[in-house]
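Text of data_38.pdb, listed as PDB, C-alpha atoms and all ligand atoms:
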ATOM      1  CA  MET A   1      28.785  -8.364  20.925  1.00  0.00           C
ATOM      2  CA  ASP A   2      25.466  -8.904  22.699  1.00  0.00           C
ATOM      3  CA  GLY A   3      24.991  -5.129  22.694  1.00  0.00           C
ATOM      4  CA  VAL A   4      25.577  -4.946  18.925  1.00  0.00           C
ATOM      5  CA  GLU A   5      23.067  -7.740  18.266  1.00  0.00           C
ATOM      6  CA  ASP A   6      20.508  -6.053  20.539  1.00  0.00           C
ATOM      7  CA  ALA A   7      20.972  -2.735  18.747  1.00  0.00           C
ATOM      8  CA  GLN A   8      20.506  -4.406  15.340  1.00  0.00           C
ATOM      9  CA  ASP A   9      17.344  -6.086  16.573  1.00  0.00           C
ATOM     10  CA  THR A  10      15.705  -2.793  17.536  1.00  0.00           C
ATOM     11  CA  VAL A  11      16.570  -0.929  14.326  1.00  0.00           C
ATOM     12  CA  VAL A  12      13.982  -1.002  11.553  1.00  0.00           C
ATOM     13  CA  ARG A  13      15.650  -1.559   8.194  1.00  0.00           C
ATOM     14  CA  LEU A  14      14.264  -1.804   4.668  1.00  0.00           C
ATOM     15  CA  GLU A  15      14.949  -4.769   2.400  1.00  0.00           C
ATOM     16  CA  THR A  16      13.896  -5.359  -1.198  1.00  0.00           C
ATOM     17  CA  LEU A  17      11.010  -7.821  -1.348  1.00  0.00           C
ATOM     18  CA  ASP A  18      11.998 -11.463  -1.737  1.00  0.00           C
ATOM     19  CA  GLN A  19      10.009 -14.722  -1.961  1.00  0.00           C
ATOM     20  CA  LYS A  20      11.167 -15.589   1.583  1.00  0.00           C
ATOM     21  CA  HIS A  21       9.239 -12.585   2.992  1.00  0.00           C
ATOM     22  CA  LEU A  22       5.884 -13.584   1.466  1.00  0.00           C
ATOM     23  CA  PRO A  23       4.443 -15.704   4.326  1.00  0.00           C
ATOM     24  CA  GLN A  24       4.888 -12.810   6.759  1.00  0.00           C
ATOM     25  CA  VAL A  25       3.683 -10.288   4.176  1.00  0.00           C
ATOM     26  CA  ALA A  26       0.480 -12.346   3.682  1.00  0.00           C
ATOM     27  CA  ASP A  27      -0.099 -12.270   7.472  1.00  0.00           C
ATOM     28  CA  LEU A  28       0.482  -8.516   7.503  1.00  0.00           C
ATOM     29  CA  PHE A  29      -2.012  -8.091   4.657  1.00  0.00           C
ATOM     30  CA  ARG A  30      -4.686 -10.002   6.551  1.00  0.00           C
ATOM     31  CA  GLU A  31      -4.036  -7.989   9.698  1.00  0.00           C
ATOM     32  CA  ALA A  32      -3.897  -4.558   8.039  1.00  0.00           C
ATOM     33  CA  PHE A  33      -6.899  -4.978   5.762  1.00  0.00           C
ATOM     34  CA  ALA A  34      -9.135  -7.075   8.033  1.00  0.00           C
ATOM     35  CA  ASN A  35     -11.701  -4.241   8.026  1.00  0.00           C
ATOM     36  CA  LYS A  36     -12.199  -4.579   4.249  1.00  0.00           C
ATOM     37  CA  ARG A  37     -14.922  -7.131   3.514  1.00  0.00           C
ATOM     38  CA  CYS A  38     -16.149  -8.090   0.060  1.00  0.00           C
ATOM     39  CA  CYS A  39     -19.951  -7.540  -0.063  1.00  0.00           C
ATOM     40  CA  GLY A  40     -19.583  -6.594   3.620  1.00  0.00           C
ATOM     41  CA  VAL A  41     -19.061 -10.273   4.514  1.00  0.00           C
ATOM     42  CA  PHE A  42     -15.967 -11.997   3.124  1.00  0.00           C
ATOM     43  CA  ALA A  43     -12.560 -10.836   4.403  1.00  0.00           C
ATOM     44  CA  VAL A  44     -10.420  -9.365   1.616  1.00  0.00           C
ATOM     45  CA  ALA A  45      -7.311 -11.431   2.157  1.00  0.00           C
ATOM     46  CA  GLU A  46      -5.034 -13.739   0.285  1.00  0.00           C
ATOM     47  CA  SER A  47      -3.674 -17.032   1.565  1.00  0.00           C
ATOM     48  CA  VAL A  48       0.105 -17.500   1.829  1.00  0.00           C
ATOM     49  CA  ALA A  49      -0.084 -20.051  -1.010  1.00  0.00           C
ATOM     50  CA  GLY A  50      -2.168 -17.649  -3.124  1.00  0.00           C
ATOM     51  CA  MET A  51       0.284 -14.824  -2.620  1.00  0.00           C
ATOM     52  CA  GLN A  52       3.278 -17.082  -3.350  1.00  0.00           C
ATOM     53  CA  LYS A  53       1.609 -18.272  -6.551  1.00  0.00           C
ATOM     54  CA  ARG A  54       0.837 -14.715  -7.639  1.00  0.00           C
ATOM     55  CA  TYR A  55       4.385 -13.510  -6.974  1.00  0.00           C
ATOM     56  CA  ALA A  56       5.859 -16.576  -8.699  1.00  0.00           C
ATOM     57  CA  SER A  57       4.358 -15.184 -11.913  1.00  0.00           C
ATOM     58  CA  TYR A  58       5.984 -11.763 -11.403  1.00  0.00           C
ATOM     59  CA  SER A  59       9.213 -10.561 -12.979  1.00  0.00           C
ATOM     60  CA  ALA A  60      12.261  -9.474 -10.972  1.00  0.00           C
ATOM     61  CA  GLU A  61      11.277  -5.901 -11.883  1.00  0.00           C
ATOM     62  CA  LYS A  62       8.073  -6.149  -9.828  1.00  0.00           C
ATOM     63  CA  PHE A  63      10.022  -7.499  -6.830  1.00  0.00           C
ATOM     64  CA  GLN A  64      12.369  -4.502  -7.166  1.00  0.00           C
ATOM     65  CA  LEU A  65       9.338  -2.250  -6.630  1.00  0.00           C
ATOM     66  CA  GLY A  66       8.484  -4.026  -3.371  1.00  0.00           C
ATOM     67  CA  VAL A  67      10.042  -3.481   0.036  1.00  0.00           C
ATOM     68  CA  VAL A  68       9.655  -4.818   3.567  1.00  0.00           C
ATOM     69  CA  ALA A  69      10.455  -3.054   6.842  1.00  0.00           C
ATOM     70  CA  LEU A  70      12.165  -5.506   9.186  1.00  0.00           C
ATOM     71  CA  ARG A  71      13.058  -5.480  12.845  1.00  0.00           C
ATOM     72  CA  GLY A  72      15.371  -8.457  13.220  1.00  0.00           C
ATOM     73  CA  ASP A  73      13.617 -11.057  11.029  1.00  0.00           C
ATOM     74  CA  GLU A  74      10.121  -9.769  11.754  1.00  0.00           C
ATOM     75  CA  VAL A  75       8.276  -8.097   8.880  1.00  0.00           C
ATOM     76  CA  LEU A  76       6.604  -4.977  10.318  1.00  0.00           C
ATOM     77  CA  GLY A  77       5.798  -3.133   7.122  1.00  0.00           C
ATOM     78  CA  PHE A  78       5.332  -3.698   3.417  1.00  0.00           C
ATOM     79  CA  CYS A  79       5.022  -1.533   0.350  1.00  0.00           C
ATOM     80  CA  GLN A  80       4.475  -2.648  -3.238  1.00  0.00           C
ATOM     81  CA  MET A  81       4.452  -0.308  -6.205  1.00  0.00           C
ATOM     82  CA  THR A  82       3.697  -0.858  -9.856  1.00  0.00           C
ATOM     83  CA  THR A  83       3.915   0.933 -13.206  1.00  0.00           C
ATOM     84  CA  ARG A  84       2.064   0.821 -16.496  1.00  0.00           C
ATOM     85  CA  LYS A  85       4.074  -2.092 -17.888  1.00  0.00           C
ATOM     86  CA  LEU A  86       3.825  -4.303 -14.776  1.00  0.00           C
ATOM     87  CA  PRO A  87       0.904  -6.327 -13.340  1.00  0.00           C
ATOM     88  CA  MET A  88      -1.450  -4.704 -10.865  1.00  0.00           C
ATOM     89  CA  TYR A  89      -3.053  -6.242  -7.768  1.00  0.00           C
ATOM     90  CA  PRO A  90      -5.994  -6.436  -7.586  1.00  0.00           C
ATOM     91  CA  SER A  91      -6.079  -6.657 -11.364  1.00  0.00           C
ATOM     92  CA  GLY A  92      -7.636  -3.568 -12.966  1.00  0.00           C
ATOM     93  CA  ALA A  93      -7.728  -1.625  -9.681  1.00  0.00           C
ATOM     94  CA  HIS A  94      -6.063   1.365 -11.328  1.00  0.00           C
ATOM     95  CA  HIS A  95      -4.879   2.378 -14.781  1.00  0.00           C
ATOM     96  CA  CYS A  96      -1.283   3.672 -14.663  1.00  0.00           C
ATOM     97  CA  GLU A  97      -0.225   6.274 -17.183  1.00  0.00           C
ATOM     98  CA  ALA A  98       3.266   6.589 -18.644  1.00  0.00           C
ATOM     99  CA  GLY A  99       5.570   8.192 -16.063  1.00  0.00           C
ATOM    100  CA  GLU A 100       3.342   7.167 -13.162  1.00  0.00           C
ATOM    101  CA  MET A 101       4.484   5.043 -10.210  1.00  0.00           C
ATOM    102  CA  TYR A 102       1.491   3.714  -8.259  1.00  0.00           C
ATOM    103  CA  ILE A 103       1.598   2.541  -4.636  1.00  0.00           C
ATOM    104  CA  GLU A 104      -0.456  -0.632  -4.889  1.00  0.00           C
ATOM    105  CA  THR A 105      -0.201  -1.554  -1.194  1.00  0.00           C
ATOM    106  CA  ILE A 106       1.237   0.051   1.911  1.00  0.00           C
ATOM    107  CA  ALA A 107       0.733  -1.475   5.337  1.00  0.00           C
ATOM    108  CA  VAL A 108       2.356  -1.518   8.754  1.00  0.00           C
ATOM    109  CA  SER A 109       1.603  -4.071  11.446  1.00  0.00           C
ATOM    110  CA  ASP A 110      -0.680  -2.671  14.145  1.00  0.00           C
ATOM    111  CA  ARG A 111       2.059  -3.643  16.642  1.00  0.00           C
ATOM    112  CA  ALA A 112       4.329  -1.039  15.069  1.00  0.00           C
ATOM    113  CA  ARG A 113       2.098   1.821  13.882  1.00  0.00           C
ATOM    114  CA  GLY A 114       2.854   5.408  14.791  1.00  0.00           C
ATOM    115  CA  GLN A 115       6.617   4.789  14.956  1.00  0.00           C
ATOM    116  CA  GLY A 116       7.488   6.312  11.582  1.00  0.00           C
ATOM    117  CA  ILE A 117       7.638   3.077   9.569  1.00  0.00           C
ATOM    118  CA  GLY A 118       4.874   4.194   7.171  1.00  0.00           C
ATOM    119  CA  GLY A 119       6.827   7.430   6.571  1.00  0.00           C
ATOM    120  CA  LYS A 120       9.994   5.423   5.929  1.00  0.00           C
ATOM    121  CA  LEU A 121       8.158   3.307   3.337  1.00  0.00           C
ATOM    122  CA  LEU A 122       6.793   6.454   1.655  1.00  0.00           C
ATOM    123  CA  ARG A 123      10.285   7.995   1.496  1.00  0.00           C
ATOM    124  CA  TRP A 124      11.584   4.765  -0.072  1.00  0.00           C
ATOM    125  CA  SER A 125       8.711   4.883  -2.616  1.00  0.00           C
ATOM    126  CA  GLU A 126       9.520   8.420  -3.644  1.00  0.00           C
ATOM    127  CA  GLU A 127      13.263   7.723  -3.938  1.00  0.00           C
ATOM    128  CA  LYS A 128      12.563   4.630  -6.029  1.00  0.00           C
ATOM    129  CA  ALA A 129      10.095   6.504  -8.271  1.00  0.00           C
ATOM    130  CA  ARG A 130      12.594   9.318  -8.806  1.00  0.00           C
ATOM    131  CA  ALA A 131      15.372   6.825  -9.541  1.00  0.00           C
ATOM    132  CA  GLU A 132      13.100   5.319 -12.223  1.00  0.00           C
ATOM    133  CA  HIS A 133      12.579   8.850 -13.661  1.00  0.00           C
ATOM    134  CA  MET A 134       8.862   8.795 -12.922  1.00  0.00           C
ATOM    135  CA  LYS A 135       6.876  12.040 -13.130  1.00  0.00           C
ATOM    136  CA  LYS A 136       4.320  11.269 -10.439  1.00  0.00           C
ATOM    137  CA  LEU A 137       3.683   9.008  -7.485  1.00  0.00           C
ATOM    138  CA  THR A 138       0.046   8.032  -6.868  1.00  0.00           C
ATOM    139  CA  LEU A 139      -2.073   5.907  -4.553  1.00  0.00           C
ATOM    140  CA  GLU A 140      -5.722   5.234  -3.789  1.00  0.00           C
ATOM    141  CA  VAL A 141      -7.109   5.491  -0.290  1.00  0.00           C
ATOM    142  CA  PHE A 142     -10.528   5.034   1.302  1.00  0.00           C
ATOM    143  CA  GLN A 143     -12.214   8.303   2.229  1.00  0.00           C
ATOM    144  CA  GLY A 144     -12.092   8.524   6.010  1.00  0.00           C
ATOM    145  CA  ASN A 145      -8.790   6.599   6.349  1.00  0.00           C
ATOM    146  CA  ARG A 146      -6.506   8.237   8.952  1.00  0.00           C
ATOM    147  CA  ALA A 147      -3.616   7.561   6.585  1.00  0.00           C
ATOM    148  CA  ILE A 148      -4.764  10.539   4.431  1.00  0.00           C
ATOM    149  CA  GLY A 149      -3.169  12.863   7.025  1.00  0.00           C
ATOM    150  CA  LEU A 150       0.138  11.024   6.672  1.00  0.00           C
ATOM    151  CA  TYR A 151      -0.001  11.221   2.872  1.00  0.00           C
ATOM    152  CA  GLU A 152      -0.823  14.949   2.950  1.00  0.00           C
ATOM    153  CA  ARG A 153       2.072  15.640   5.327  1.00  0.00           C
ATOM    154  CA  PHE A 154       4.235  13.773   2.841  1.00  0.00           C
ATOM    155  CA  GLY A 155       3.151  16.079  -0.001  1.00  0.00           C
ATOM    156  CA  PHE A 156       0.350  14.060  -1.632  1.00  0.00           C
ATOM    157  CA  LYS A 157      -2.741  15.951  -2.790  1.00  0.00           C
ATOM    158  CA  ILE A 158      -6.242  14.610  -3.369  1.00  0.00           C
ATOM    159  CA  VAL A 159      -7.095  14.509  -7.092  1.00  0.00           C
ATOM    160  CA  PRO A 160     -10.548  16.106  -7.587  1.00  0.00           C
ATOM    161  CA  PRO A 161     -12.966  13.579  -9.135  1.00  0.00           C
ATOM    162  CA  ASP A 162     -13.446  14.210 -12.859  1.00  0.00           C
ATOM    163  CA  GLY A 163     -16.879  12.561 -13.266  1.00  0.00           C
ATOM    164  CA  ASP A 164     -20.363  13.757 -12.324  1.00  0.00           C
ATOM    165  CA  CYS A 165     -22.449  12.596  -9.340  1.00  0.00           C
ATOM    166  CA  VAL A 166     -23.726   9.545 -11.285  1.00  0.00           C
ATOM    167  CA  ASP A 167     -20.100   8.416 -11.877  1.00  0.00           C
ATOM    168  CA  ALA A 168     -19.298   9.034  -8.203  1.00  0.00           C
ATOM    169  CA  CYS A 169     -22.327   7.012  -7.124  1.00  0.00           C
ATOM    170  CA  CYS A 170     -21.423   4.081  -9.424  1.00  0.00           C
ATOM    171  CA  GLU A 171     -17.834   4.156  -8.142  1.00  0.00           C
ATOM    172  CA  ASN A 172     -19.004   4.166  -4.528  1.00  0.00           C
ATOM    173  CA  VAL A 173     -21.288   1.172  -5.112  1.00  0.00           C
ATOM    174  CA  THR A 174     -18.491  -0.751  -6.879  1.00  0.00           C
ATOM    175  CA  VAL A 175     -15.987  -0.002  -4.084  1.00  0.00           C
ATOM    176  CA  CYS A 176     -18.586  -0.996  -1.506  1.00  0.00           C
ATOM    177  CA  CYS A 177     -19.264  -4.330  -3.292  1.00  0.00           C
ATOM    178  CA  PHE A 178     -15.567  -5.191  -3.407  1.00  0.00           C
ATOM    179  CA  PHE A 179     -14.418  -3.836  -0.042  1.00  0.00           C
ATOM    180  CA  GLY A 180     -17.545  -3.238   2.045  1.00  0.00           C
ATOM    181  CA  ARG A 181     -17.677  -0.304   4.461  1.00  0.00           C
ATOM    182  CA  PRO A 182     -14.330  -0.512   6.319  1.00  0.00           C
ATOM    183  CA  TYR A 183     -15.261   2.160   8.866  1.00  0.00           C
ATOM    184  CA  GLY A 184     -18.827   0.911   9.468  1.00  0.00           C
ATOM    185  CA  TRP A 185     -22.075   1.163   7.490  1.00  0.00           C
ATOM    186  CA  CYS A 186     -22.983   4.503   9.089  1.00  0.00           C
ATOM    187  CA  HIS A 187     -19.645   6.218   8.357  1.00  0.00           C
ATOM    188  CA  PRO A 188     -20.389   9.506   6.497  1.00  0.00           C
ATOM    189  CA  LYS A 189     -17.612   9.030   3.906  1.00  0.00           C
ATOM    190  CA  TRP A 190     -17.999   6.743   0.889  1.00  0.00           C
ATOM    191  CA  GLY A 191     -15.639   5.779  -1.901  1.00  0.00           C
ATOM    192  CA  THR A 192     -11.963   6.451  -2.360  1.00  0.00           C
ATOM    193  CA  HIS A 193      -9.577   9.278  -3.164  1.00  0.00           C
ATOM    194  CA  ILE A 194      -6.775   9.121  -5.694  1.00  0.00           C
ATOM    195  CA  MET A 195      -3.810  11.028  -4.251  1.00  0.00           C
ATOM    196  CA  ILE A 196      -0.857  12.319  -6.221  1.00  0.00           C
ATOM    197  CA  LYS A 197       2.622  13.659  -5.557  1.00  0.00           C
ATOM    198  CA  HIS A 198       4.252  15.327  -8.561  1.00  0.00           C
ATOM    199  CA  LEU A 199       7.958  14.540  -8.760  1.00  0.00           C
ATOM    200  CA  GLU A 200       9.063  17.212 -11.223  1.00  0.00           C
TER     201      GLU A 200
HETATM  202  C1  LIG B   1      -1.234   3.833   7.013  1.00  0.00           C
HETATM  203  C2  LIG B   1      -0.058   3.119   7.670  1.00  0.00           C
HETATM  204  C3  LIG B   1       0.735   2.384   6.588  1.00  0.00           C
HETATM  205  C4  LIG B   1       0.842   4.159   8.333  1.00  0.00           C
HETATM  206  O1  LIG B   1       1.942   3.498   8.930  1.00  0.00           O
HETATM  207  P1  LIG B   1       2.593   4.034  10.322  1.00  0.00           P
HETATM  208  O2  LIG B   1       3.878   3.335  10.481  1.00  0.00           O
HETATM  209  O3  LIG B   1       1.599   3.938  11.386  1.00  0.00           O
HETATM  210  O4  LIG B   1       2.849   5.576   9.923  1.00  0.00           O
HETATM  211  P2  LIG B   1       3.798   6.631  10.647  1.00  0.00           P
HETATM  212  O5  LIG B   1       4.127   6.165  12.021  1.00  0.00           O
HETATM  213  O6  LIG B   1       4.919   6.943   9.720  1.00  0.00           O
HETATM  214  O7  LIG B   1       2.849   7.901  10.684  1.00  0.00           O
HETATM  215  C5  LIG B   1       1.743   7.959  11.575  1.00  0.00           C
HETATM  216  C6  LIG B   1       0.531   8.371  10.788  1.00  0.00           C
HETATM  217  O8  LIG B   1      -0.018   7.248  10.098  1.00  0.00           O
HETATM  218  C7  LIG B   1      -1.439   7.342  10.101  1.00  0.00           C
HETATM  219  N1  LIG B   1      -1.983   6.221  10.898  1.00  0.00           N
HETATM  220  C8  LIG B   1      -1.679   5.832  12.137  1.00  0.00           C
HETATM  221  N2  LIG B   1      -2.407   4.761  12.512  1.00  0.00           N
HETATM  222  C9  LIG B   1      -3.192   4.477  11.473  1.00  0.00           C
HETATM  223  C10 LIG B   1      -4.164   3.480  11.219  1.00  0.00           C
HETATM  224  N3  LIG B   1      -4.495   2.573  12.136  1.00  0.00           N
HETATM  225  N4  LIG B   1      -4.772   3.466  10.026  1.00  0.00           N
HETATM  226  C11 LIG B   1      -4.462   4.378   9.096  1.00  0.00           C
HETATM  227  N5  LIG B   1      -3.538   5.359   9.284  1.00  0.00           N
HETATM  228  C12 LIG B   1      -2.905   5.401  10.452  1.00  0.00           C
HETATM  229  C13 LIG B   1      -1.808   8.657  10.732  1.00  0.00           C
HETATM  230  O9  LIG B   1      -1.847   9.661   9.710  1.00  0.00           O
HETATM  231  C14 LIG B   1      -0.608   8.874  11.645  1.00  0.00           C
HETATM  232  O10 LIG B   1      -0.439  10.206  11.947  1.00  0.00           O
HETATM  233  P3  LIG B   1      -1.342  10.857  13.133  1.00  0.00           P
HETATM  234  O11 LIG B   1      -1.071  10.014  14.342  1.00  0.00           O
HETATM  235  O12 LIG B   1      -0.806  12.244  13.228  1.00  0.00           O
HETATM  236  O13 LIG B   1      -2.758  10.777  12.692  1.00  0.00           O
HETATM  237  C15 LIG B   1      -0.543   2.102   8.738  1.00  0.00           C
HETATM  238  O14 LIG B   1      -1.228   2.797   9.721  1.00  0.00           O
HETATM  239  C16 LIG B   1      -1.441   0.984   8.227  1.00  0.00           C
HETATM  240  O15 LIG B   1      -0.952  -0.045   7.798  1.00  0.00           O
HETATM  241  N6  LIG B   1      -2.764   1.149   8.283  1.00  0.00           N
HETATM  242  C17 LIG B   1      -3.709   0.093   7.910  1.00  0.00           C
HETATM  243  C18 LIG B   1      -3.651  -0.207   6.430  1.00  0.00           C
HETATM  244  C19 LIG B   1      -3.944   1.026   5.612  1.00  0.00           C
HETATM  245  O16 LIG B   1      -4.904   1.744   5.864  1.00  0.00           O
HETATM  246  N7  LIG B   1      -3.083   1.234   4.588  1.00  0.00           N
HETATM  247  C20 LIG B   1      -3.221   2.355   3.709  1.00  0.00           C
HETATM  248  C21 LIG B   1      -4.052   1.996   2.547  1.00  0.00           C
HETATM  249  S1  LIG B   1      -4.029   3.337   1.351  1.00  0.00           S
END

Go ahead and render the structure in this file as structure tokens.
Amino acid sequence: MDGVEDAQDTVVRLETLDQKHLPQVADLFREAFANKRCCGVFAVAESVAGMQKRYASYSAEKFQLGVVALRGDEVLGFCQMTTRKLPMYPSGAHHCEAGEMYIETIAVSDRARGQGIGGKLLRWSEEKARAEHMKKLTLEVFQGNRAIGLYERFGFKIVPPDGDCVDACCENVTVCCFFGRPYGWCHPKWGTHIMIKHLE
């Protein structure tokens, strides 16, 4: 019996997001995105109460597009997706088209990175998007984020920017104002990439 309980405690399982997970998810958020600072100063994070309030306004459908990775009762990973008809966080961060499933957040605790949990969350995202008959799975990632390698291995491709250099410059300044320079002010890469995986 002890052996069975021990085995269950070491296995990472996925569970649909529920209100009861939110305090740990808020902690995970703070930990995973601590390097993102609004205007380079203020940590981009949400309090537990703020996150609970935000989720209280969401429909069951939005919860169905969220998942946590658990070892025992400990939340080690989190993924939240959204579609055109559902709210987006942060509001206006991306415009979803019809048939598009967008990964709004994906994060794994730094205690558990490199153990395949991020890959497990991505597989769940794709399965869920296919089950919802979506045509494409998308996400946005900071240029220079190591996670780009993981997304590429998973079949995501970088969408070439469609604007000119003035658009790119404006976008970079906006991203910088909201999220700072997560890899340091002297990092050569600016801005973000949209990445896409076609599901058809
Ligand atoms: C990106 C992330 C979700 C991956 O989760 P994971 O469980 O470590 O992923 P896996 O174990 O399945 O795969 C390992 C791959 O993840 C990526 N990765 C590992 N550590 C990372 C880190 N600190 N930051 C970003 N990506 C990382 C790398 O591509 C790694 O492969 P590599 O070692 O060959 O470079 C996780 O590292 C994380 O939460 N990072 C911080 C938050 C973040 O950047 N989220 C993505 C925003 S788009």

Using only C-alpha atoms and all ligand atoms, the residue out of A:Ile196, A:Ala129, A:Ala32, A:Met51 with shortest distance to ligand LIG 1 (chain B) is A:Ala32

Taking only C-alpha atoms and all ligand atoms into account, which residues are within 8 Å of ligand LIG 1 (chain B), as a ChimeraX atom specification? /A:32-33,77,105-110,112-120,139-142,145-151

What is the atom CA of Thr82 of chain A to atom CA of Glu104 of chain A distance in Å? 6.5 Å

Distance criterion (all atoms listed in the file): nearest to Arg13 of chain A out of A:Asp167, A:Glu61, A:Glu97, A:Glu74: A:Glu74

Can you measure atom CA of Val68 of chain A to atom CA of Pro90 of chain A for me? One decimal in Å is fine.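 Between atom CA of Val68 of chain A and atom CA of Pro90 of chain A the gap works out to 19.3 Å.
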
Output of the PyMOL selection byres (((chain A and resi 26-29) around 12) and not hetatm), listed as number ranges by chain: A: 19-25, 30-36, 43-55, 68-69, 74-80, 105-112

Could you tell me which residues the PyMOL selection byres (((chain A and resi 17) around 6) and not hetatm) grabs in this file, written as a list in words?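 Against this file, the PyMOL selection byres (((chain A and resi 17) around 6) and not hetatm) returns the residues Thr16, Asp18, Phe63, Gly66, Val67 and Val68 of chain A.
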
Measure the distance from atom CA of Cys176 of chain A to atom CA of Thr138 of chain A in Å and round it to one decimal. 21.4 Å

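Each of A:Thr10, A:Ser57, A:Ile103, A:His94 was checked against Asp73 of chain A using all atoms listed in the file; the smallest atom-to-atom distance is that of A:Thr10.
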
Hey, which of A:Pro161, A:Leu14, A:Glu100, A:Lys85 ends up closest to Arg123 of chain A? Count all atoms listed in the file. A:Leu14

Pick the closest to Glu171 of chain A from A:Arg84, A:His193, A:Lys128, A:His95: which is it, counting only C-alpha atoms? A:His193

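In this comparison, which uses all atoms listed in the file, the residue of A:Leu137, A:Leu121, A:Leu70, A:Leu65 approaching Pro87 of chain A most closely is A:Leu65.
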
Need the shell around His187 of chain A: protein/DNA/RNA residues with any atom at most 10 Å away, counting all atoms listed in the file. Skip same-chain ones fewer than 6 positions apart. Format as a list in words?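 Once the adjacent positions are removed, what remains is Gln143, Gly144 and Arg181 of chain A.
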
Extract, using only C-alpha atoms, all DNA, RNA and protein residues at most 8 Å from Asn172 of chain A, discarding same-chain residues fewer than 4 positions from it, and format them as a PyMOL selection string. chain A and resi 168+176+190-192

Taking the file as shown, find all residues satisfying the PyMOL selection byres (((chain A and resi 130) around 12) and not hetatm) and write them as a list of chain:residue names.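 The output of the PyMOL selection byres (((chain A and resi 130) around 12) and not hetatm) on this file is A:Gly99, A:Glu100, A:Met101, A:Arg123, A:Trp124, A:Ser125, A:Glu126, A:Glu127, A:Lys128, A:Ala129, A:Ala131, A:Glu132, A:His133, A:Met134, A:Lys135, A:Lys136, A:Leu137, A:Lys197, A:His198, A:Leu199, A:Glu200.
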